[in-house]
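Encoded as structure tokens, the structure appears first; notes follow it.
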There are 2 protein chains.
Amino acid sequence: MKQADLSDRVEKMLAGVRRAGLKLTPQRMAIVKELASDETHPTAQEIFERLRPGLPTMSFATVYNTLDALSSAGLCAALSLSPGSGRFDPNMIPHHHVVCDVCGAVRDVPSAGAGAHASDPSVAKAVGQVLPGFEVRSVERIFRGICASCAKGRSRLKAL
Amino acid sequence: MKQADLSDRVEKMLAGVRRAGLKLTPQRMAIVKELASDETHPTAQEIFERLRPGLPTMSFATVYNTLDALSSAGLCAALSLSPGSGRFDPNMIPHHHVVCDVCGAVRDVPSAGAGAHASDPSVAKAVGQVLPGFEVRSVERIFRGICASCAKGRSRLKAL
DNA sequence: TTGCATCTTAGAATCATTATTACTATGGTT
DNA sequence: AACCATAGTAATAATGATTCTAAGATGCAA
């Protein structure tokens, strides 16, 4: 991504912070700049370490609080991509997953054409442009939403 | 999924354990049965708690060790679906992610038709069959594989 | 049956994340 | 320009998940 686009993204996110009624503190400004001008999807840890030299008094909790505030305000997304986490799936036939954002339930969804997505030419091209030489081994699709039983009692939820 | 298919999956996984040269201990047998006959993608915690009544001396580490052994042997998959985890993404335009299985690098891949996947009729139908009444709010696609720089030094890796 | 590599156990250690609490700074208001 | 209530921050403790370690036990092949 071009440098101009990245600094544009910083401006947009700072504007979003104001719009969301969040106070614009030096710590938040630094975190927003660091996050918005980065294409590598940093972890909270990484952001903290990069900013520590300039803001030696900043607490680690502030990074989490700010990132949480940003994602709650819809200004950034929290991803779960790290390996070795939470759940295990005994089904080794290619398939997708449905995840309920409320209760966290996970279920399989059979995929029509097994490895079809991996060989989708338009996708392969797009991947190649972002990371030349990247070899796609597998594709996951995750459908997030709300399951029927959670939808019933959803009124008590704020704005999922 | 039918009961017959589930117990078939148990047999297949047990056979896989032997084939992989892993010793078949009572603990492992119990874990395999529990995992393979379950469609809810249990966590290590859940498996441990379900088996504790029958195997009160079993250690929690054994569950992790066994699940790790199973996924290393390609007999099950480890998923990262839980909310609020690891990484943050400042890009709120719908897009996909590429993840390198070796170095863990994450990058965005622009998606052609923004919300197109969510409204794909065949997928919507499949989701409806698994979880009737599920409302899909968003779709993620994750392309996993090996990036160019990791592919170079890949010889030192076992069998990723 | 015997030997040895592998597994299990128990508990400590580690790592990421969240909660708590008291202090402080921001931004609207006067 | 000063004030104040609210919201944010720092520091630290707590939690929860996962991994490590050391020592003893067990499965499996010869």
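Ligands are numbered from 1 in the order shown, residues from 1 within each chain, and chains are lettered A, B, ... in the order they appear in the structure tokens.
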
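Using only C-alpha atoms (C1' of nucleotides), we find that the part of chain B lying within 10 Å of chain C comprises Leu22, Lys23, Leu24, Thr25, Gln27, Arg28, Thr57, Met58, Ser59, Phe60, Ala61, Thr62, Asn65, Thr66, Gly84, Ser85 and Gly86 of chain B.
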
Check: which chain B residues lie within 6 Å of chain A using only C-alpha atoms, as a ChimeraX atom specification
/B:36,40-43,76-81,85-90,106-107,133-148

Export of the given selection (N, CA and C atoms) as a short mmCIF file (atom, residue, chain, number, x, y, z; two decimals), in the first residue's frame:
data_model
loop_
_atom_site.label_atom_id
_atom_site.label_comp_id
_atom_site.auth_asym_id
_atom_site.auth_seq_id
_atom_site.Cartn_x
_atom_site.Cartn_y
_atom_site.Cartn_z
N ALA B 36 -13.13 -37.28 18.32
CA ALA B 36 -13.60 -37.72 17.00
C ALA B 36 -15.11 -37.89 16.94
N THR B 40 -18.74 -30.40 17.94
CA THR B 40 -18.76 -29.01 18.42
C THR B 40 -17.37 -28.39 18.53
N HIS B 41 -16.35 -29.09 18.05
CA HIS B 41 -15.00 -28.55 18.11
C HIS B 41 -14.61 -28.18 19.53
N PRO B 42 -14.48 -29.16 20.38
CA PRO B 42 -14.21 -28.88 21.79
C PRO B 42 -12.85 -28.25 22.02
N THR B 43 -12.73 -27.56 23.14
CA THR B 43 -11.44 -27.02 23.56
C THR B 43 -10.74 -28.08 24.39
N CYS B 76 -6.04 -34.27 13.17
CA CYS B 76 -7.06 -33.28 13.48
C CYS B 76 -6.46 -31.91 13.20
N ALA B 77 -7.32 -30.89 13.22
CA ALA B 77 -6.84 -29.54 12.94
C ALA B 77 -7.03 -28.66 14.16
N ALA B 78 -6.09 -27.77 14.37
CA ALA B 78 -6.21 -26.79 15.45
C ALA B 78 -6.79 -25.51 14.86
N LEU B 79 -7.82 -24.99 15.48
CA LEU B 79 -8.49 -23.81 14.96
C LEU B 79 -8.24 -22.59 15.85
N SER B 80 -8.25 -21.43 15.23
CA SER B 80 -8.13 -20.17 15.98
C SER B 80 -9.37 -19.34 15.66
N LEU B 81 -10.39 -19.52 16.42
CA LEU B 81 -11.65 -18.86 16.11
C LEU B 81 -12.12 -17.95 17.22
N SER B 85 -8.66 -12.23 20.25
CA SER B 85 -7.31 -12.77 20.32
C SER B 85 -6.31 -11.87 19.63
N GLY B 86 -5.19 -12.39 19.55
CA GLY B 86 -3.97 -11.83 18.97
C GLY B 86 -3.87 -10.52 18.21
N ARG B 87 -4.33 -10.48 17.00
CA ARG B 87 -3.91 -9.39 16.13
C ARG B 87 -5.01 -8.40 15.77
N PHE B 88 -4.58 -7.21 15.38
CA PHE B 88 -5.53 -6.16 15.06
C PHE B 88 -5.32 -5.65 13.65
N ASP B 89 -6.43 -5.36 13.00
CA ASP B 89 -6.40 -4.99 11.60
C ASP B 89 -7.07 -3.64 11.40
N PRO B 90 -6.30 -2.65 10.95
CA PRO B 90 -6.87 -1.30 10.78
C PRO B 90 -7.69 -1.16 9.51
N VAL B 106 1.05 -11.95 8.66
CA VAL B 106 -0.33 -11.78 8.22
C VAL B 106 -0.41 -10.60 7.26
N ARG B 107 -1.07 -10.78 6.14
CA ARG B 107 -1.28 -9.68 5.20
C ARG B 107 -2.70 -9.69 4.68
N GLY B 133 -31.57 -21.24 11.26
CA GLY B 133 -31.81 -19.95 11.88
C GLY B 133 -30.57 -19.13 12.12
N PHE B 134 -29.42 -19.64 11.70
CA PHE B 134 -28.18 -18.89 11.92
C PHE B 134 -28.15 -17.70 10.96
N GLU B 135 -27.83 -16.54 11.52
CA GLU B 135 -27.77 -15.32 10.70
C GLU B 135 -26.32 -14.96 10.45
N VAL B 136 -25.87 -15.11 9.21
CA VAL B 136 -24.48 -14.80 8.90
C VAL B 136 -24.31 -13.30 8.81
N ARG B 137 -23.36 -12.79 9.61
CA ARG B 137 -23.10 -11.35 9.62
C ARG B 137 -21.85 -10.99 8.82
N SER B 138 -20.88 -11.88 8.85
CA SER B 138 -19.64 -11.57 8.13
C SER B 138 -18.95 -12.86 7.73
N VAL B 139 -18.11 -12.77 6.76
CA VAL B 139 -17.38 -13.92 6.26
C VAL B 139 -15.90 -13.59 6.24
N GLU B 140 -15.09 -14.50 6.73
CA GLU B 140 -13.65 -14.33 6.65
C GLU B 140 -13.09 -15.45 5.79
N ARG B 141 -12.10 -15.10 5.02
CA ARG B 141 -11.37 -16.15 4.32
C ARG B 141 -9.92 -16.04 4.73
N ILE B 142 -9.35 -17.16 5.08
CA ILE B 142 -7.95 -17.18 5.48
C ILE B 142 -7.19 -18.15 4.58
N PHE B 143 -6.20 -17.62 3.91
CA PHE B 143 -5.35 -18.45 3.06
C PHE B 143 -4.10 -18.76 3.84
N ARG B 144 -3.90 -20.03 4.12
CA ARG B 144 -2.70 -20.41 4.86
C ARG B 144 -1.71 -21.07 3.93
N GLY B 145 -0.47 -20.85 4.21
CA GLY B 145 0.56 -21.45 3.36
C GLY B 145 1.93 -21.02 3.81
N ILE B 146 2.84 -20.89 2.87
CA ILE B 146 4.21 -20.56 3.20
C ILE B 146 4.66 -19.39 2.35
N CYS B 147 5.19 -18.37 2.99
CA CYS B 147 5.61 -17.20 2.24
C CYS B 147 6.97 -17.46 1.59
N ALA B 148 7.29 -16.62 0.64
CA ALA B 148 8.50 -16.83 -0.16
C ALA B 148 9.75 -16.93 0.69
#

Transformed chain B, reference chain A, full Cα set in order, as an mmCIF file with C-alpha atoms, in the first residue's frame:
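Written output follows (result-v5.cif):
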data_model
loop_
_atom_site.group_PDB
_atom_site.id
_atom_site.type_symbol
_atom_site.label_atom_id
_atom_site.label_comp_id
_atom_site.auth_asym_id
_atom_site.auth_seq_id
_atom_site.Cartn_x
_atom_site.Cartn_y
_atom_site.Cartn_z
ATOM 1 C CA MET B 1 -0.273 0.169 -0.071
ATOM 2 C CA LYS B 2 0.876 3.699 -0.831
ATOM 3 C CA GLN B 3 2.136 5.957 1.927
ATOM 4 C CA ALA B 4 -0.602 8.495 1.180
ATOM 5 C CA ASP B 5 -3.261 5.861 1.713
ATOM 6 C CA LEU B 6 -1.759 4.840 5.005
ATOM 7 C CA SER B 7 -1.664 8.349 6.440
ATOM 8 C CA ASP B 8 -5.185 8.801 5.155
ATOM 9 C CA ARG B 9 -6.154 5.756 7.163
ATOM 10 C CA VAL B 10 -4.598 7.329 10.249
ATOM 11 C CA GLU B 11 -6.708 10.473 9.778
ATOM 12 C CA LYS B 12 -9.843 8.445 9.253
ATOM 13 C CA MET B 13 -9.253 6.431 12.383
ATOM 14 C CA LEU B 14 -8.523 9.514 14.462
ATOM 15 C CA ALA B 15 -11.735 11.052 13.179
ATOM 16 C CA GLY B 16 -13.515 7.842 14.111
ATOM 17 C CA VAL B 17 -12.164 8.042 17.627
ATOM 18 C CA ARG B 18 -13.674 11.502 18.044
ATOM 19 C CA ARG B 19 -16.932 10.449 16.456
ATOM 20 C CA ALA B 20 -17.172 7.525 18.875
ATOM 21 C CA GLY B 21 -16.859 9.941 21.774
ATOM 22 C CA LEU B 22 -13.520 8.520 22.859
ATOM 23 C CA LYS B 23 -11.074 10.914 24.411
ATOM 24 C CA LEU B 24 -8.046 11.581 22.311
ATOM 25 C CA THR B 25 -5.086 11.147 24.612
ATOM 26 C CA PRO B 26 -1.439 11.121 23.526
ATOM 27 C CA GLN B 27 -1.287 7.379 24.128
ATOM 28 C CA ARG B 28 -4.317 6.730 21.979
ATOM 29 C CA MET B 29 -3.048 8.985 19.256
ATOM 30 C CA ALA B 30 0.241 7.104 19.188
ATOM 31 C CA ILE B 31 -1.492 3.726 19.127
ATOM 32 C CA VAL B 32 -3.814 4.783 16.327
ATOM 33 C CA LYS B 33 -0.920 6.063 14.256
ATOM 34 C CA GLU B 34 1.050 2.912 14.800
ATOM 35 C CA LEU B 35 -1.820 0.595 14.015
ATOM 36 C CA ALA B 36 -3.349 2.453 11.103
ATOM 37 C CA SER B 37 -0.102 2.967 9.255
ATOM 38 C CA ASP B 38 0.905 -0.672 9.534
ATOM 39 C CA GLU B 39 0.052 -3.437 7.116
ATOM 40 C CA THR B 40 1.413 -6.355 9.093
ATOM 41 C CA HIS B 41 -1.445 -6.677 11.578
ATOM 42 C CA PRO B 42 0.606 -6.083 14.686
ATOM 43 C CA THR B 43 -0.067 -7.705 18.033
ATOM 44 C CA ALA B 44 -0.658 -5.677 21.191
ATOM 45 C CA GLN B 45 2.807 -6.736 22.246
ATOM 46 C CA GLU B 46 4.373 -5.368 19.080
ATOM 47 C CA ILE B 47 2.574 -2.049 19.295
ATOM 48 C CA PHE B 48 3.602 -1.664 22.901
ATOM 49 C CA GLU B 49 7.253 -2.342 22.136
ATOM 50 C CA ARG B 50 7.355 0.034 19.187
ATOM 51 C CA LEU B 51 5.836 2.872 21.197
ATOM 52 C CA ARG B 52 7.754 2.334 24.396
ATOM 53 C CA PRO B 53 10.760 4.428 23.317
ATOM 54 C CA GLY B 54 8.530 7.439 22.743
ATOM 55 C CA LEU B 55 6.134 6.851 25.596
ATOM 56 C CA PRO B 56 8.179 5.100 28.269
ATOM 57 C CA THR B 57 5.528 5.507 30.950
ATOM 58 C CA MET B 58 2.747 3.941 28.942
ATOM 59 C CA SER B 59 1.279 0.826 30.478
ATOM 60 C CA PHE B 60 0.654 -2.377 28.636
ATOM 61 C CA ALA B 61 -2.945 -2.339 29.789
ATOM 62 C CA THR B 62 -3.437 0.939 27.964
ATOM 63 C CA VAL B 63 -2.561 -0.735 24.701
ATOM 64 C CA TYR B 64 -5.123 -3.435 25.320
ATOM 65 C CA ASN B 65 -7.726 -0.961 26.488
ATOM 66 C CA THR B 66 -7.237 1.207 23.445
ATOM 67 C CA LEU B 67 -7.260 -1.655 20.963
ATOM 68 C CA ASP B 68 -10.392 -2.948 22.611
ATOM 69 C CA ALA B 69 -11.981 0.483 22.421
ATOM 70 C CA LEU B 70 -11.069 0.779 18.751
ATOM 71 C CA SER B 71 -12.471 -2.592 17.811
ATOM 72 C CA SER B 72 -15.601 -2.022 19.881
ATOM 73 C CA ALA B 73 -16.103 1.229 17.991
ATOM 74 C CA GLY B 74 -15.739 -0.621 14.705
ATOM 75 C CA LEU B 75 -12.525 1.191 13.818
ATOM 76 C CA CYS B 76 -10.388 -1.916 13.591
ATOM 77 C CA ALA B 77 -10.873 -5.666 13.644
ATOM 78 C CA ALA B 78 -9.496 -8.223 16.059
ATOM 79 C CA LEU B 79 -8.191 -11.327 14.325
ATOM 80 C CA SER B 80 -7.671 -14.873 15.567
ATOM 81 C CA LEU B 81 -5.082 -16.322 13.265
ATOM 82 C CA SER B 82 -2.396 -17.639 15.537
ATOM 83 C CA PRO B 83 -1.608 -21.321 15.452
ATOM 84 C CA GLY B 84 -2.166 -23.769 18.251
ATOM 85 C CA SER B 85 -5.065 -21.940 19.746
ATOM 86 C CA GLY B 86 -8.360 -22.822 21.235
ATOM 87 C CA ARG B 87 -10.385 -25.435 19.468
ATOM 88 C CA PHE B 88 -9.949 -28.794 17.812
ATOM 89 C CA ASP B 89 -11.772 -30.208 14.850
ATOM 90 C CA PRO B 90 -11.973 -33.962 14.222
ATOM 91 C CA ASN B 91 -13.358 -33.444 10.731
ATOM 92 C CA MET B 92 -10.499 -33.637 8.246
ATOM 93 C CA ILE B 93 -12.686 -33.391 5.163
ATOM 94 C CA PRO B 94 -12.325 -29.859 3.731
ATOM 95 C CA HIS B 95 -15.086 -27.684 5.087
ATOM 96 C CA HIS B 96 -15.920 -24.235 6.402
ATOM 97 C CA HIS B 97 -16.788 -22.982 9.860
ATOM 98 C CA VAL B 98 -19.661 -21.022 11.276
ATOM 99 C CA VAL B 99 -18.968 -19.095 14.449
ATOM 100 C CA CYS B 100 -21.556 -17.345 16.574
ATOM 101 C CA ASP B 101 -20.203 -13.983 17.703
ATOM 102 C CA VAL B 102 -22.353 -14.086 20.816
ATOM 103 C CA CYS B 103 -22.037 -17.549 22.319
ATOM 104 C CA GLY B 104 -18.903 -18.611 20.459
ATOM 105 C CA ALA B 105 -20.424 -21.862 19.177
ATOM 106 C CA VAL B 106 -18.551 -23.397 16.270
ATOM 107 C CA ARG B 107 -19.993 -25.721 13.639
ATOM 108 C CA ASP B 108 -18.863 -27.215 10.379
ATOM 109 C CA VAL B 109 -20.346 -26.320 7.019
ATOM 110 C CA PRO B 110 -19.628 -28.755 4.222
ATOM 111 C CA SER B 111 -17.915 -27.076 1.324
ATOM 112 C CA ALA B 112 -19.093 -27.741 -2.201
ATOM 113 C CA GLY B 113 -15.894 -28.062 -4.191
ATOM 114 C CA ALA B 114 -13.227 -29.270 -1.819
ATOM 115 C CA GLY B 115 -9.959 -27.574 -2.683
ATOM 116 C CA ALA B 116 -11.571 -25.400 -5.321
ATOM 117 C CA HIS B 117 -10.946 -22.148 -3.485
ATOM 118 C CA ALA B 118 -7.230 -22.615 -3.277
ATOM 119 C CA SER B 119 -6.941 -22.855 -7.017
ATOM 120 C CA ASP B 120 -9.251 -19.938 -7.801
ATOM 121 C CA PRO B 121 -7.138 -17.994 -10.326
ATOM 122 C CA SER B 122 -8.293 -14.517 -9.298
ATOM 123 C CA VAL B 123 -7.414 -15.238 -5.674
ATOM 124 C CA ALA B 124 -4.093 -16.783 -6.578
ATOM 125 C CA LYS B 125 -3.268 -13.643 -8.526
ATOM 126 C CA ALA B 126 -4.245 -11.357 -5.660
ATOM 127 C CA VAL B 127 -2.189 -13.353 -3.190
ATOM 128 C CA GLY B 128 0.773 -13.233 -5.544
ATOM 129 C CA GLN B 129 0.585 -9.454 -5.708
ATOM 130 C CA VAL B 130 0.611 -9.045 -1.954
ATOM 131 C CA LEU B 131 3.212 -11.648 -1.151
ATOM 132 C CA PRO B 132 5.115 -12.743 -4.251
ATOM 133 C CA GLY B 133 6.112 -16.364 -4.067
ATOM 134 C CA PHE B 134 3.597 -17.261 -1.388
ATOM 135 C CA GLU B 135 2.498 -20.878 -1.683
ATOM 136 C CA VAL B 136 -1.090 -21.371 -0.585
ATOM 137 C CA ARG B 137 -1.504 -24.710 1.164
ATOM 138 C CA SER B 138 -5.001 -24.435 2.548
ATOM 139 C CA VAL B 139 -7.953 -22.113 2.666
ATOM 140 C CA GLU B 140 -10.314 -21.521 5.545
ATOM 141 C CA ARG B 141 -13.596 -19.752 5.386
ATOM 142 C CA ILE B 142 -15.206 -18.513 8.546
ATOM 143 C CA PHE B 143 -18.766 -17.290 8.592
ATOM 144 C CA ARG B 144 -19.388 -15.100 11.584
ATOM 145 C CA GLY B 145 -22.763 -14.028 12.764
ATOM 146 C CA ILE B 146 -25.440 -14.766 15.311
ATOM 147 C CA CYS B 147 -27.062 -18.115 15.876
ATOM 148 C CA ALA B 148 -30.792 -18.518 16.258
ATOM 149 C CA SER B 149 -30.809 -19.025 20.000
ATOM 150 C CA CYS B 150 -28.609 -16.005 20.631
ATOM 151 C CA ALA B 151 -30.701 -13.871 18.295
ATOM 152 C CA LYS B 152 -33.710 -14.421 20.559
ATOM 153 C CA GLY B 153 -32.134 -12.902 23.637
ATOM 154 C CA ARG B 154 -30.181 -10.346 21.674
ATOM 155 C CA SER B 155 -32.043 -7.292 22.973
ATOM 156 C CA ARG B 156 -29.802 -7.133 26.024
ATOM 157 C CA LEU B 157 -26.733 -6.746 23.835
ATOM 158 C CA LYS B 158 -25.420 -3.346 22.895
ATOM 159 C CA ALA B 159 -24.603 -3.277 19.199
ATOM 160 C CA LEU B 160 -23.181 -6.535 18.028
#

Closest pair table for chain D residues within 8 Å of chain A, only C-alpha atoms (C1' of nucleotides), as CSV:
residue,atom,partner,partner_atom,distance
D:DA7,C1',A:Lys23,CA,7.6
D:DG8,C1',A:Lys23,CA,7.9
D:DT9,C1',A:Thr62,CA,6.8
D:DA10,C1',A:Ser59,CA,5.8
D:DA11,C1',A:Ser59,CA,7.8

Run DSSP on the backbone and grab whatever in chain B lands in strand (DSSP E); send it over as a ChimeraX atom specification.
/B:77-79,87-89,95-100,106-110,135-146
